[in-house]
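Colleague: Below is a structure I'd like to ask you about.
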Amino acid sequence: VSGKGRHIGEVYDRVIQTDAPLNPGSSGGPLINLSGQVVGINKAIVSETGGSIGISFATPINSVKEILPQLKTTGKVTRGWAGLAIQEMNSALADTLGVKKPGGALVPGIVKGGPADRGGVKLGDVIMEFDGKTVSDALDLPIWIARTPLGKQVQLKIQREQREMDLNLTVAELPQGPMQKKDIG
């Protein structure tokens with residue numbers, strides 16, 4: 001394992017980076033530690049030619065364990081949805097928006113009629129907390145939303161125009177069918 005918590009474009013997961021040389025087609029195989037325990041499921045390699053260069057990625061086994069009960073019961077994975085897009089904050093954005101605390105997730109898009117819209121979230125809001133968890137890395141927010149039980153009301157602490165506010169949002173089911181990347185959270 002050469003890194004944990006990597007983000008490689010996967011919306012709902014942070015992956016394990018390894019230096020195990022995997023061949024194309026090896027996705028779905030186990031990533032095993034020195035004690036013989038499965039710690040992940042191999043899913044991707046870095047390759048410019050189609051062959052392995054010794055960098056691969058695996059879904060952590062705990063992420064797999066989270067969705068197994070759903071797969072066993074319904075045959076599919078259901079994820080929570082808030083109907084908003086998020087953007088990572090940087091120091092220039094924070095200065096422009098008057099955000100004093102580091103972190104947070106900027107809201108550059110909202111699905112009309114979606115949970116965030118119904119909960120009062122506005123374009124330009126900065127989500128500082130989700131359900132009691134501080135948003136220090138904006139890329140965690142879609143994962144938290146996806147893992148939230150459907151119908152659960154969560155509290156958002158946001159900053160809007162340099163004022164902190166609390167909003168309530170009821171997490172809905174992620175709509176089926178093709179989703180645009182902006183509609184992920």
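Scheme for the structure tokens: letters A, B, ... for chains in order shown; per-chain residue numbers from 1; ligand numbers from 1 in order shown.
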If you count only C-alpha atoms, which residues fall within 6 Å of A:Ile41, apart from same-chain ones fewer than 2 positions away, as a list in words?
Modeller: Gly28, Gly29, Pro30, Leu31, Ala58 and Thr59 of chain A
Colleague: Could those selected residues go to a file with N, CA and C atoms, as a PDB file, in the first residue's frame?
Modeller:
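Once written, again-v6.pdb looks like this:
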ATOM      1  N   GLY A  28     -11.728  -6.705  -9.609  1.00  0.00           N
ATOM      2  CA  GLY A  28     -12.589  -7.627  -8.885  1.00  0.00           C
ATOM      3  C   GLY A  28     -11.819  -8.612  -8.045  1.00  0.00           C
ATOM      4  N   GLY A  29     -10.521  -8.690  -8.253  1.00  0.00           N
ATOM      5  CA  GLY A  29      -9.703  -9.581  -7.430  1.00  0.00           C
ATOM      6  C   GLY A  29      -9.390  -8.942  -6.095  1.00  0.00           C
ATOM      7  N   PRO A  30      -9.028  -9.751  -5.107  1.00  0.00           N
ATOM      8  CA  PRO A  30      -8.778  -9.217  -3.773  1.00  0.00           C
ATOM      9  C   PRO A  30      -7.407  -8.562  -3.653  1.00  0.00           C
ATOM     10  N   LEU A  31      -7.335  -7.543  -2.821  1.00  0.00           N
ATOM     11  CA  LEU A  31      -6.065  -6.980  -2.372  1.00  0.00           C
ATOM     12  C   LEU A  31      -5.860  -7.552  -0.975  1.00  0.00           C
ATOM     13  N   ALA A  58      -7.599   0.090  -5.308  1.00  0.00           N
ATOM     14  CA  ALA A  58      -8.573  -0.880  -4.801  1.00  0.00           C
ATOM     15  C   ALA A  58      -9.593  -0.165  -3.933  1.00  0.00           C
ATOM     16  N   THR A  59     -10.830  -0.648  -4.006  1.00  0.00           N
ATOM     17  CA  THR A  59     -11.879  -0.155  -3.117  1.00  0.00           C
ATOM     18  C   THR A  59     -11.635  -0.761  -1.740  1.00  0.00           C
TER      19      THR A  59
END
Colleague: List every residue of stretch 34-157 of chain A that DSSP, applied to the backbone of this structure, places in alpha helix (DSSP H), and write the result as a compact mmCIF listing (two decimals) with N, CA, C and O atoms, in the first residue's frame.
Modeller:
# COMPACT_ATOMS: atom_id res chain seq x y z
N ILE A 61 -12.12 -2.56 1.70
CA ILE A 61 -13.07 -3.63 2.02
C ILE A 61 -14.22 -3.12 2.89
O ILE A 61 -15.36 -3.59 2.77
N ASN A 62 -13.96 -2.13 3.74
CA ASN A 62 -15.05 -1.60 4.57
C ASN A 62 -16.11 -0.91 3.71
O ASN A 62 -17.29 -0.95 4.05
N SER A 63 -15.71 -0.29 2.60
CA SER A 63 -16.69 0.30 1.68
C SER A 63 -17.53 -0.78 1.03
O SER A 63 -18.74 -0.61 0.84
N VAL A 64 -16.89 -1.89 0.70
CA VAL A 64 -17.62 -3.02 0.11
C VAL A 64 -18.60 -3.59 1.12
O VAL A 64 -19.76 -3.87 0.81
N LYS A 65 -18.15 -3.74 2.37
CA LYS A 65 -19.01 -4.29 3.42
C LYS A 65 -20.24 -3.42 3.67
O LYS A 65 -21.30 -3.94 4.03
N GLU A 66 -20.11 -2.10 3.47
CA GLU A 66 -21.25 -1.20 3.68
C GLU A 66 -22.39 -1.48 2.70
O GLU A 66 -23.55 -1.34 3.05
N ILE A 67 -22.05 -1.83 1.47
CA ILE A 67 -23.10 -2.01 0.45
C ILE A 67 -23.57 -3.45 0.30
O ILE A 67 -24.60 -3.70 -0.31
N LEU A 68 -22.85 -4.41 0.89
CA LEU A 68 -23.24 -5.82 0.75
C LEU A 68 -24.66 -6.11 1.22
O LEU A 68 -25.40 -6.82 0.53
N PRO A 69 -25.09 -5.60 2.38
CA PRO A 69 -26.47 -5.89 2.80
C PRO A 69 -27.51 -5.42 1.76
O PRO A 69 -28.48 -6.13 1.52
N GLN A 70 -27.29 -4.26 1.16
CA GLN A 70 -28.21 -3.78 0.13
C GLN A 70 -28.22 -4.71 -1.08
O GLN A 70 -29.27 -5.03 -1.63
N LEU A 71 -27.02 -5.12 -1.49
CA LEU A 71 -26.93 -6.01 -2.65
C LEU A 71 -27.61 -7.35 -2.38
O LEU A 71 -28.30 -7.89 -3.24
N LYS A 72 -27.43 -7.88 -1.18
CA LYS A 72 -28.06 -9.16 -0.83
C LYS A 72 -29.58 -9.04 -0.78
O LYS A 72 -30.29 -9.93 -1.20
N THR A 73 -30.08 -7.92 -0.24
CA THR A 73 -31.51 -7.76 -0.05
C THR A 73 -32.24 -7.35 -1.32
O THR A 73 -33.28 -7.91 -1.66
N THR A 74 -31.68 -6.36 -2.02
CA THR A 74 -32.40 -5.78 -3.16
C THR A 74 -31.73 -6.02 -4.50
O THR A 74 -32.33 -5.76 -5.54
N SER A 91 -7.77 29.04 -1.17
CA SER A 91 -7.60 30.29 -0.41
C SER A 91 -8.17 31.49 -1.15
O SER A 91 -8.73 32.40 -0.52
N ALA A 92 -8.08 31.51 -2.47
CA ALA A 92 -8.63 32.64 -3.24
C ALA A 92 -10.15 32.69 -3.11
O ALA A 92 -10.73 33.77 -2.89
N LEU A 93 -10.81 31.53 -3.23
CA LEU A 93 -12.27 31.49 -3.05
C LEU A 93 -12.66 31.88 -1.63
O LEU A 93 -13.61 32.62 -1.43
N ALA A 94 -11.93 31.35 -0.67
CA ALA A 94 -12.22 31.66 0.73
C ALA A 94 -12.12 33.16 0.98
O ALA A 94 -12.99 33.75 1.63
N ASP A 95 -11.08 33.79 0.45
CA ASP A 95 -10.92 35.24 0.62
C ASP A 95 -12.07 36.00 -0.04
O ASP A 95 -12.64 36.91 0.53
N THR A 96 -12.42 35.59 -1.27
CA THR A 96 -13.50 36.26 -2.01
C THR A 96 -14.82 36.15 -1.27
O THR A 96 -15.60 37.11 -1.21
N LEU A 97 -15.09 34.96 -0.70
CA LEU A 97 -16.37 34.72 -0.03
C LEU A 97 -16.36 35.11 1.45
O LEU A 97 -17.38 35.01 2.12
N PRO A 115 -33.50 18.03 -2.95
CA PRO A 115 -33.44 18.19 -1.50
C PRO A 115 -32.74 19.48 -1.04
O PRO A 115 -33.23 20.15 -0.12
N ALA A 116 -31.63 19.84 -1.65
CA ALA A 116 -30.92 21.05 -1.24
C ALA A 116 -31.77 22.29 -1.53
O ALA A 116 -31.85 23.19 -0.69
N ASP A 117 -32.39 22.30 -2.68
CA ASP A 117 -33.26 23.42 -3.06
C ASP A 117 -34.41 23.55 -2.05
O ASP A 117 -34.69 24.63 -1.53
N ARG A 118 -35.05 22.43 -1.74
CA ARG A 118 -36.17 22.44 -0.78
C ARG A 118 -35.69 22.82 0.63
O ARG A 118 -36.45 23.39 1.41
N LEU A 141 -17.82 15.22 1.17
CA LEU A 141 -19.26 15.50 1.26
C LEU A 141 -20.11 14.56 0.40
O LEU A 141 -21.10 14.01 0.90
N PRO A 142 -19.79 14.33 -0.88
CA PRO A 142 -20.62 13.38 -1.65
C PRO A 142 -20.64 11.98 -1.07
O PRO A 142 -21.66 11.29 -1.14
N ILE A 143 -19.54 11.56 -0.45
CA ILE A 143 -19.48 10.24 0.17
C ILE A 143 -20.43 10.20 1.37
O ILE A 143 -21.21 9.25 1.53
N TRP A 144 -20.39 11.23 2.20
CA TRP A 144 -21.28 11.28 3.37
C TRP A 144 -22.74 11.30 2.95
O TRP A 144 -23.57 10.63 3.56
N ILE A 145 -23.05 12.09 1.93
CA ILE A 145 -24.43 12.17 1.46
C ILE A 145 -24.88 10.81 0.94
O ILE A 145 -25.96 10.33 1.27
N ALA A 146 -24.05 10.17 0.14
CA ALA A 146 -24.39 8.87 -0.45
C ALA A 146 -24.65 7.82 0.61
O ALA A 146 -25.50 6.94 0.44
N ARG A 147 -23.94 7.90 1.73
CA ARG A 147 -24.06 6.90 2.79
C ARG A 147 -25.17 7.22 3.79
O ARG A 147 -25.45 6.41 4.68
Colleague: DSSP on the backbone, strand (DSSP E or B) only: what residues of stretch 3-156 of chain A does that give? Format it as JSON, numbers by chain.
Modeller: {"A": [3, 4, 5, 6, 15, 16, 17, 18, 30, 31, 32, 38, 39, 40, 41, 42, 43, 44, 45, 56, 57, 58, 59, 60, 80, 81, 84, 85, 86, 87, 88, 105, 106, 107, 108, 109, 110, 126, 127, 128, 129, 130, 133, 134, 153, 154, 155, 156]}
Colleague: Using only C-alpha atoms, which residues sit within 12 Å of A:Asn33 once same-chain residues fewer than 2 positions away are excluded, as an MDAnalysis selection string?
Modeller: chainID A and resid 1 18 20 30:31 35:41 60:61
Colleague: Taking 4 positions as the minimum chain separation for residues in the same chain, which residues sit within 12 Å of A:Arg163 when counting only C-alpha atoms? Answer as a VMD selection string.
Modeller: chain A and resid 97 to 100 125 to 128 157 to 159
Colleague: What gap, in Å, lies between atom CA of A:Arg14 and atom CA of A:Asp137?
Modeller: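 Between atom CA of A:Arg14 and atom CA of A:Asp137 the gap is 12.0 Å.
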Colleague: Could you pull the residues within 12 Å of A:Lys122, counting only C-alpha atoms, minus those fewer than 5 positions along the same chain, as a ChimeraX atom specification?
Modeller: /A:83-86,106-112,114-117,127,158-161,165,167
